[in-house]
Amino acid sequence: MRSGFGFDLRSMEIFVETLEQGSQSAAARRLGLKQSSVSQCLANLEHALGVALFKRHSRPLEPTSAGRLFHDRARRMLEEARATRRELISGGLGRLHQVRMALVDSLATAVGKPLVEVIKRHTGDYTLTTGLSHMHGHALLTRHVDIIISDDRLENYDGLERHPVLGEPFVMVVPEGFVGPLDNLRWLARQLDFVRYTPQSLIGQSIERHLRLNRLELPARLHLDNTFALLRLVGAGVGWTITTPLCLYQAGLSSLGVRVARLPTEPLSRQLTLVARRDELGGLPARLAGDSRQLLRRHFLAEITDALPWLAEQIHLGD
């Protein structure tokens, strides 16, 4: 609900970013918003204040005299608000009240329970969700979550802190009883259907881009958004796929009935990174990233090393 002042911290943040970035579109990209949302917010702000804040038709945008005054005051208020938040979080006032996290499915399955125990030690309350990685990034930028661990580092956005968690290669997976060479994907595709991740997922997009770069056009028959179901289909002999060691671990590698091999193409890998808004959660993001790496080393890496020792040296925890 709009305050009686005609503005709030969010509208000030949007105004300041628009002026400093020089355009509404640039401010929208930086804040992770739609341009129409930025435009509507600025129109509402000018209407509520009863003054024009921007000179019309100037490119890049320039402030009016009222806009310059409001910009200077807004910057100071935003800096004070951020400082207040930092002090409340890191000033020895106890645990954080609430932390909202979003994780890729494979990580939540692999280390979800012990990670939740870690989160509980640092927070009074928490929420944890999974789902498609591109939705995680949007949720962080729009402040619906506080921390994500994802294969989307949000490289195009400033004001974020990033802590590497896991780097892992993609591998090829075929049914355990499949007989034949695994160094020719075109030949393999003629023998078995390719089981795909849905194109909405970042992991699916990475695999499809890799196939295109290697000029492999495979029939689009099977699309799944669930790693467990995808790998169970492969284990049942329906087809073959490309996935990662963490996804194999998530689905229960020892019971899948599959054969795992290196990709015969150029290497392909993914990185999972913990991303949070900078200076808002004190040292918690770095601690959670470190705890996540320890949990992965203790559980995931130990099992992969035992089952697929040739893969262990290609998996990196942290940088």
# chains A, B, ... in the order shown; residues from 1 in each chain; ligands from 1
call {"tool": "select_by_dssp", "arguments": {"residues": "range 198-289 of chain A", "states": "helix (DSSP H, G or I)", "output": "number ranges by chain"}}
result
A: 202-213, 227-235, 245-251, 253-255, 284-289
call {"tool": "select_by_dssp", "arguments": {"residues": "range 191-270 of chain A", "states": "strand (DSSP E or B)", "output": "list in words"}}
result
Asp193, Phe194, Val195, Arg196, Tyr197, Leu222, His223, Leu224, Gly239, Trp240, Thr241, Ile242, Thr243, Val258, Arg259, Val260, Ala261, Arg262, Ser269 and Arg270 of chain A
call {"tool": "closest_residue", "arguments": {"among": "A:Ile242, A:Glu13, A:Ile203, A:Ala26", "to": "Arg82 in chain A", "atoms": "only C-alpha atoms"}}
result
A:Glu13
call {"tool": "closest_atom_pairs", "arguments": {"of": "range 201-268 of chain A", "to": "range 184-189 of chain A", "cutoff": "9 Å", "atoms": "only C-alpha atoms", "output": "Markdown table"}}
result
| residue | atom | partner | partner_atom | distance |
| --- | --- | --- | --- | --- |
| A:Leu216 | CA | A:Arg186 | CA | 7.2 |
| A:Glu217 | CA | A:Arg186 | CA | 9.0 |
| A:Leu218 | CA | A:Ala189 | CA | 7.0 |
| A:Pro219 | CA | A:Ala189 | CA | 8.7 |
| A:Gly239 | CA | A:Ala189 | CA | 8.8 |
| A:Trp240 | CA | A:Ala189 | CA | 8.2 |
| A:Leu263 | CA | A:Leu185 | CA | 8.8 |
| A:Pro264 | CA | A:Asn184 | CA | 6.9 |
| A:Thr265 | CA | A:Leu185 | CA | 8.6 |
call {"tool": "residues_around", "arguments": {"residues": "Leu115 in chain A", "least_positions_apart": "4", "cutoff": "12 Å", "atoms": "only C-alpha atoms", "output": "count of residues only"}}
result
25
call {"tool": "residues_around", "arguments": {"residues": "Thr129 in chain A", "least_positions_apart": "3", "cutoff": "12 Å", "atoms": "only C-alpha atoms", "output": "short mmCIF file (atom, residue, chain, number, x, y, z; two decimals) with all heavy atoms, in the first residue's frame"}}
result
data_model
loop_
_atom_site.label_atom_id
_atom_site.label_comp_id
_atom_site.auth_asym_id
_atom_site.auth_seq_id
_atom_site.Cartn_x
_atom_site.Cartn_y
_atom_site.Cartn_z
N VAL A 99 14.81 -16.39 6.41
CA VAL A 99 15.57 -16.47 5.16
C VAL A 99 14.80 -17.34 4.18
O VAL A 99 14.33 -18.42 4.54
CB VAL A 99 16.99 -17.06 5.40
CG1 VAL A 99 17.67 -17.34 4.07
CG2 VAL A 99 17.82 -16.09 6.22
N ARG A 100 14.66 -16.84 2.97
CA ARG A 100 13.94 -17.58 1.92
C ARG A 100 14.95 -18.04 0.88
O ARG A 100 15.69 -17.22 0.33
CB ARG A 100 12.88 -16.68 1.28
CG ARG A 100 11.83 -16.16 2.28
CD ARG A 100 11.13 -14.93 1.74
NE ARG A 100 12.07 -13.84 1.52
CZ ARG A 100 11.74 -12.69 0.92
NH1 ARG A 100 10.51 -12.49 0.49
NH2 ARG A 100 12.65 -11.73 0.76
N MET A 101 14.99 -19.34 0.62
CA MET A 101 15.97 -19.92 -0.30
C MET A 101 15.28 -20.67 -1.43
O MET A 101 14.18 -21.21 -1.25
CB MET A 101 16.90 -20.88 0.43
CG MET A 101 17.87 -20.24 1.38
SD MET A 101 19.09 -21.44 1.99
CE MET A 101 19.97 -21.83 0.48
N ALA A 102 15.96 -20.71 -2.58
CA ALA A 102 15.51 -21.53 -3.71
C ALA A 102 16.72 -22.29 -4.24
O ALA A 102 17.80 -21.71 -4.42
CB ALA A 102 14.91 -20.66 -4.81
N LEU A 103 16.56 -23.59 -4.46
CA LEU A 103 17.65 -24.46 -4.89
C LEU A 103 17.26 -25.22 -6.14
O LEU A 103 16.09 -25.49 -6.38
CB LEU A 103 18.00 -25.49 -3.80
CG LEU A 103 18.20 -25.06 -2.36
CD1 LEU A 103 18.49 -26.27 -1.51
CD2 LEU A 103 19.32 -24.06 -2.26
N VAL A 104 18.27 -25.60 -6.93
CA VAL A 104 18.01 -26.55 -8.01
C VAL A 104 17.59 -27.88 -7.39
O VAL A 104 18.03 -28.24 -6.29
CB VAL A 104 19.26 -26.75 -8.90
CG1 VAL A 104 19.58 -25.49 -9.68
CG2 VAL A 104 20.46 -27.17 -8.08
N ASP A 105 16.73 -28.62 -8.09
CA ASP A 105 16.19 -29.86 -7.55
C ASP A 105 17.28 -30.84 -7.12
O ASP A 105 17.19 -31.47 -6.08
CB ASP A 105 15.29 -30.55 -8.59
CG ASP A 105 13.99 -29.80 -8.81
OD1 ASP A 105 13.65 -28.95 -7.96
OD2 ASP A 105 13.32 -30.05 -9.82
N LEU A 107 20.32 -30.44 -6.11
CA LEU A 107 21.01 -30.10 -4.86
C LEU A 107 20.10 -30.29 -3.66
O LEU A 107 20.53 -30.78 -2.62
CB LEU A 107 21.51 -28.66 -4.91
CG LEU A 107 22.41 -28.23 -3.75
CD1 LEU A 107 23.72 -28.99 -3.79
CD2 LEU A 107 22.66 -26.74 -3.78
N ALA A 108 18.83 -29.91 -3.81
CA ALA A 108 17.89 -30.08 -2.70
C ALA A 108 17.75 -31.55 -2.32
O ALA A 108 17.69 -31.90 -1.14
CB ALA A 108 16.53 -29.50 -3.08
N THR A 109 17.73 -32.41 -3.33
CA THR A 109 17.63 -33.84 -3.06
C THR A 109 18.92 -34.39 -2.46
O THR A 109 18.89 -35.22 -1.55
CB THR A 109 17.31 -34.60 -4.36
OG1 THR A 109 16.12 -34.05 -4.93
CG2 THR A 109 17.08 -36.08 -4.08
N GLY A 112 19.60 -31.69 0.86
CA GLY A 112 18.53 -30.86 1.39
C GLY A 112 18.36 -30.96 2.89
O GLY A 112 18.31 -29.94 3.60
N VAL A 116 19.11 -27.92 5.47
CA VAL A 116 18.03 -27.31 6.25
C VAL A 116 18.45 -27.20 7.72
O VAL A 116 18.16 -26.19 8.39
CB VAL A 116 16.73 -28.13 6.12
CG1 VAL A 116 15.72 -27.74 7.20
CG2 VAL A 116 16.11 -27.92 4.74
N TYR A 126 12.38 -20.04 8.10
CA TYR A 126 12.92 -20.17 6.75
C TYR A 126 11.88 -20.76 5.83
O TYR A 126 10.90 -21.37 6.25
CB TYR A 126 14.16 -21.09 6.75
CG TYR A 126 13.81 -22.55 6.95
CD1 TYR A 126 13.64 -23.40 5.85
CD2 TYR A 126 13.61 -23.08 8.23
CE1 TYR A 126 13.29 -24.73 6.03
CE2 TYR A 126 13.27 -24.40 8.42
CZ TYR A 126 13.11 -25.22 7.32
OH TYR A 126 12.75 -26.53 7.50
N LEU A 132 12.51 -24.63 -11.56
CA LEU A 132 13.37 -24.28 -12.69
C LEU A 132 14.28 -23.11 -12.32
O LEU A 132 13.86 -22.14 -11.71
CB LEU A 132 12.52 -23.91 -13.91
CG LEU A 132 11.64 -25.04 -14.46
CD1 LEU A 132 10.77 -24.53 -15.61
CD2 LEU A 132 12.49 -26.22 -14.92
N SER A 133 15.55 -23.21 -12.76
CA SER A 133 16.56 -22.24 -12.34
C SER A 133 16.26 -20.81 -12.79
O SER A 133 16.54 -19.86 -12.05
CB SER A 133 17.93 -22.66 -12.89
OG SER A 133 18.33 -23.89 -12.33
N MET A 135 13.52 -19.36 -12.97
CA MET A 135 12.53 -18.80 -12.05
C MET A 135 13.20 -18.38 -10.74
O MET A 135 12.78 -17.42 -10.10
CB MET A 135 11.42 -19.81 -11.79
CG MET A 135 10.63 -20.18 -13.02
SD MET A 135 9.85 -18.75 -13.81
CE MET A 135 8.69 -18.25 -12.54
N HIS A 136 14.25 -19.10 -10.34
CA HIS A 136 14.99 -18.72 -9.13
C HIS A 136 15.62 -17.34 -9.29
O HIS A 136 15.54 -16.50 -8.38
CB HIS A 136 16.09 -19.74 -8.84
CG HIS A 136 15.55 -21.10 -8.48
ND1 HIS A 136 16.36 -22.21 -8.45
CD2 HIS A 136 14.32 -21.51 -8.16
CE1 HIS A 136 15.63 -23.26 -8.12
NE2 HIS A 136 14.39 -22.86 -7.94
N ALA A 139 13.07 -14.67 -9.02
CA ALA A 139 12.59 -14.54 -7.65
C ALA A 139 13.57 -13.75 -6.80
O ALA A 139 13.17 -12.96 -5.94
CB ALA A 139 12.34 -15.92 -7.04
N HIS A 144 11.54 -12.00 -3.95
CA HIS A 144 10.66 -13.04 -3.44
C HIS A 144 11.46 -14.11 -2.68
O HIS A 144 10.89 -14.87 -1.90
CB HIS A 144 9.87 -13.68 -4.58
CG HIS A 144 8.78 -12.80 -5.10
ND1 HIS A 144 9.00 -11.86 -6.09
CD2 HIS A 144 7.48 -12.69 -4.75
CE1 HIS A 144 7.87 -11.22 -6.33
NE2 HIS A 144 6.93 -11.70 -5.54
N VAL A 145 12.76 -14.20 -2.95
CA VAL A 145 13.65 -15.04 -2.15
C VAL A 145 14.90 -14.24 -1.84
O VAL A 145 15.19 -13.21 -2.47
CB VAL A 145 14.03 -16.37 -2.87
CG1 VAL A 145 12.80 -17.21 -3.16
CG2 VAL A 145 14.82 -16.10 -4.15
N ASP A 146 15.67 -14.71 -0.85
CA ASP A 146 16.88 -14.00 -0.41
C ASP A 146 18.16 -14.65 -0.93
O ASP A 146 19.18 -13.97 -1.10
CB ASP A 146 16.94 -13.98 1.12
CG ASP A 146 15.69 -13.35 1.72
OD1 ASP A 146 15.40 -12.19 1.40
OD2 ASP A 146 14.99 -14.03 2.50
N ILE A 147 18.14 -15.95 -1.15
CA ILE A 147 19.32 -16.71 -1.57
C ILE A 147 18.89 -17.74 -2.59
O ILE A 147 17.85 -18.38 -2.43
CB ILE A 147 19.99 -17.42 -0.37
CG1 ILE A 147 20.54 -16.43 0.64
CG2 ILE A 147 21.11 -18.35 -0.84
CD1 ILE A 147 21.04 -17.08 1.93
N ILE A 148 19.69 -17.92 -3.64
CA ILE A 148 19.47 -19.03 -4.56
C ILE A 148 20.78 -19.80 -4.70
O ILE A 148 21.87 -19.24 -4.56
CB ILE A 148 18.98 -18.58 -5.95
CG1 ILE A 148 20.04 -17.72 -6.67
CG2 ILE A 148 17.67 -17.81 -5.83
CD1 ILE A 148 19.69 -17.39 -8.11
N ILE A 149 20.67 -21.10 -4.93
CA ILE A 149 21.82 -21.90 -5.37
C ILE A 149 21.38 -22.49 -6.69
O ILE A 149 20.48 -23.33 -6.75
CB ILE A 149 22.20 -23.00 -4.37
CG1 ILE A 149 22.51 -22.39 -3.00
CG2 ILE A 149 23.44 -23.75 -4.88
CD1 ILE A 149 22.95 -23.40 -1.94
N SER A 150 22.02 -22.05 -7.77
CA SER A 150 21.49 -22.27 -9.10
C SER A 150 22.61 -22.34 -10.12
O SER A 150 23.75 -21.97 -9.85
CB SER A 150 20.53 -21.12 -9.44
OG SER A 150 20.15 -21.13 -10.79
#
call {"tool": "atom_distance", "arguments": {"atom1": "CA of Thr244 in chain A", "atom2": "CA of Ser269 in chain A"}}
result
8.2 Å
call {"tool": "closest_residue", "arguments": {"among": "A:Arg277, A:Lys113, A:Arg232, A:Arg221", "to": "Arg162 in chain A", "atoms": "only C-alpha atoms"}}
result
A:Arg277
call {"tool": "decode", "arguments": {"residues": "range 5-136 of chain A", "atoms": "C-alpha atoms", "output": "compact mmCIF listing (two decimals), in the first residue's frame"}}
result
# COMPACT_ATOMS: atom_id res chain seq x y z
CA PHE A 5 4.24 10.59 1.69
CA GLY A 6 3.52 9.71 -1.94
CA PHE A 7 6.61 7.49 -2.19
CA ASP A 8 8.25 4.50 -0.56
CA LEU A 9 11.71 2.94 -0.64
CA ARG A 10 10.94 0.80 -3.69
CA SER A 11 9.69 3.72 -5.78
CA MET A 12 12.76 5.75 -4.74
CA GLU A 13 15.04 2.87 -5.74
CA ILE A 14 13.40 2.65 -9.17
CA PHE A 15 13.65 6.43 -9.64
CA VAL A 16 17.32 6.56 -8.65
CA GLU A 17 18.24 3.61 -10.89
CA THR A 18 16.35 5.10 -13.85
CA LEU A 19 18.12 8.42 -13.53
CA GLU A 20 21.57 6.93 -12.98
CA GLN A 21 21.21 4.32 -15.74
CA GLY A 22 19.88 6.91 -18.18
CA SER A 23 16.79 5.02 -19.34
CA GLN A 24 13.82 3.04 -18.08
CA SER A 25 14.88 -0.05 -20.02
CA ALA A 26 18.37 -0.07 -18.45
CA ALA A 27 16.88 0.40 -14.97
CA ALA A 28 14.43 -2.45 -15.60
CA ARG A 29 17.27 -4.80 -16.59
CA ARG A 30 19.32 -3.88 -13.53
CA LEU A 31 16.40 -4.33 -11.15
CA GLY A 32 15.01 -7.44 -12.82
CA LEU A 33 11.69 -5.77 -13.65
CA LYS A 34 9.58 -5.30 -16.76
CA GLN A 35 10.00 -1.89 -18.40
CA SER A 36 6.24 -1.36 -18.14
CA SER A 37 6.48 -1.78 -14.35
CA VAL A 38 9.24 0.84 -14.14
CA SER A 39 7.26 3.24 -16.34
CA GLN A 40 4.10 2.81 -14.27
CA CYS A 41 5.97 3.30 -10.99
CA LEU A 42 7.57 6.54 -12.21
CA ALA A 43 4.24 7.86 -13.50
CA ASN A 44 2.61 7.07 -10.14
CA LEU A 45 5.48 8.75 -8.31
CA GLU A 46 5.22 11.99 -10.30
CA HIS A 47 1.44 11.99 -9.88
CA ALA A 48 1.68 11.43 -6.12
CA LEU A 49 4.30 14.17 -5.67
CA GLY A 50 2.59 16.55 -8.05
CA VAL A 51 5.83 17.50 -9.84
CA ALA A 52 7.70 16.44 -12.96
CA LEU A 53 10.92 14.60 -12.06
CA PHE A 54 12.32 14.15 -15.59
CA LYS A 55 12.81 16.49 -18.53
CA ARG A 56 10.65 15.13 -21.31
CA HIS A 57 12.26 13.95 -24.56
CA SER A 58 15.84 14.13 -23.22
CA ARG A 59 18.11 11.16 -24.01
CA PRO A 60 19.65 10.04 -21.76
CA LEU A 61 17.04 11.03 -19.21
CA GLU A 62 17.80 14.23 -17.29
CA PRO A 63 16.19 15.39 -14.04
CA THR A 64 14.21 18.57 -13.55
CA SER A 65 15.25 20.78 -10.64
CA ALA A 66 12.70 18.90 -8.52
CA GLY A 67 14.13 15.62 -9.82
CA ARG A 68 17.68 16.60 -8.79
CA LEU A 69 16.48 17.42 -5.28
CA PHE A 70 14.49 14.19 -5.00
CA HIS A 71 17.45 12.15 -6.36
CA ASP A 72 19.85 13.52 -3.74
CA ARG A 73 17.41 12.94 -0.89
CA ALA A 74 16.37 9.50 -2.18
CA ARG A 75 19.99 8.30 -2.44
CA ARG A 76 20.64 9.29 1.18
CA MET A 77 17.46 7.58 2.38
CA LEU A 78 18.26 4.39 0.47
CA GLU A 79 21.81 4.30 1.84
CA GLU A 80 20.48 4.77 5.37
CA ALA A 81 17.89 2.02 4.86
CA ARG A 82 20.55 -0.40 3.60
CA ALA A 83 22.86 0.46 6.48
CA THR A 84 20.03 -0.08 8.96
CA ARG A 85 19.29 -3.49 7.47
CA ARG A 86 22.97 -4.49 7.63
CA GLU A 87 23.21 -3.44 11.29
CA LEU A 88 20.08 -5.35 12.23
CA ILE A 89 21.37 -8.47 10.51
CA SER A 90 25.03 -8.46 11.50
CA GLY A 91 25.12 -6.36 14.64
CA GLY A 92 24.99 -9.22 17.12
CA LEU A 93 21.23 -9.02 17.55
CA GLY A 94 20.72 -12.76 17.30
CA ARG A 95 19.57 -14.96 14.47
CA LEU A 96 18.01 -13.67 11.26
CA HIS A 97 14.24 -13.52 11.50
CA GLN A 98 13.61 -15.31 8.20
CA VAL A 99 15.57 -16.47 5.16
CA ARG A 100 13.94 -17.58 1.92
CA MET A 101 15.97 -19.92 -0.30
CA ALA A 102 15.51 -21.53 -3.71
CA LEU A 103 17.65 -24.46 -4.89
CA VAL A 104 18.01 -26.55 -8.01
CA ASP A 105 16.19 -29.86 -7.55
CA SER A 106 19.33 -31.98 -7.71
CA LEU A 107 21.01 -30.10 -4.86
CA ALA A 108 17.89 -30.08 -2.70
CA THR A 109 17.63 -33.84 -3.06
CA ALA A 110 21.34 -34.45 -2.54
CA VAL A 111 21.93 -32.37 0.59
CA GLY A 112 18.53 -30.86 1.39
CA LYS A 113 18.03 -32.33 4.87
CA PRO A 114 21.47 -31.49 6.34
CA LEU A 115 21.37 -28.07 4.63
CA VAL A 116 18.03 -27.31 6.25
CA GLU A 117 19.61 -28.14 9.63
CA VAL A 118 22.35 -25.60 8.90
CA ILE A 119 19.79 -22.96 7.92
CA LYS A 120 17.84 -23.57 11.13
CA ARG A 121 20.91 -22.77 13.22
CA HIS A 122 21.18 -19.30 11.68
CA THR A 123 17.53 -18.26 11.28
CA GLY A 124 14.37 -17.97 13.30
CA ASP A 125 12.29 -19.13 10.34
CA TYR A 126 12.92 -20.17 6.75
CA THR A 127 11.34 -21.25 3.49
CA LEU A 128 12.97 -23.46 0.88
CA THR A 129 11.67 -24.04 -2.64
CA THR A 130 12.89 -25.86 -5.74
CA GLY A 131 11.96 -25.62 -9.42
CA LEU A 132 13.37 -24.28 -12.69
CA SER A 133 16.56 -22.24 -12.34
CA HIS A 134 15.46 -19.26 -14.44
CA MET A 135 12.53 -18.80 -12.05
CA HIS A 136 14.99 -18.72 -9.13
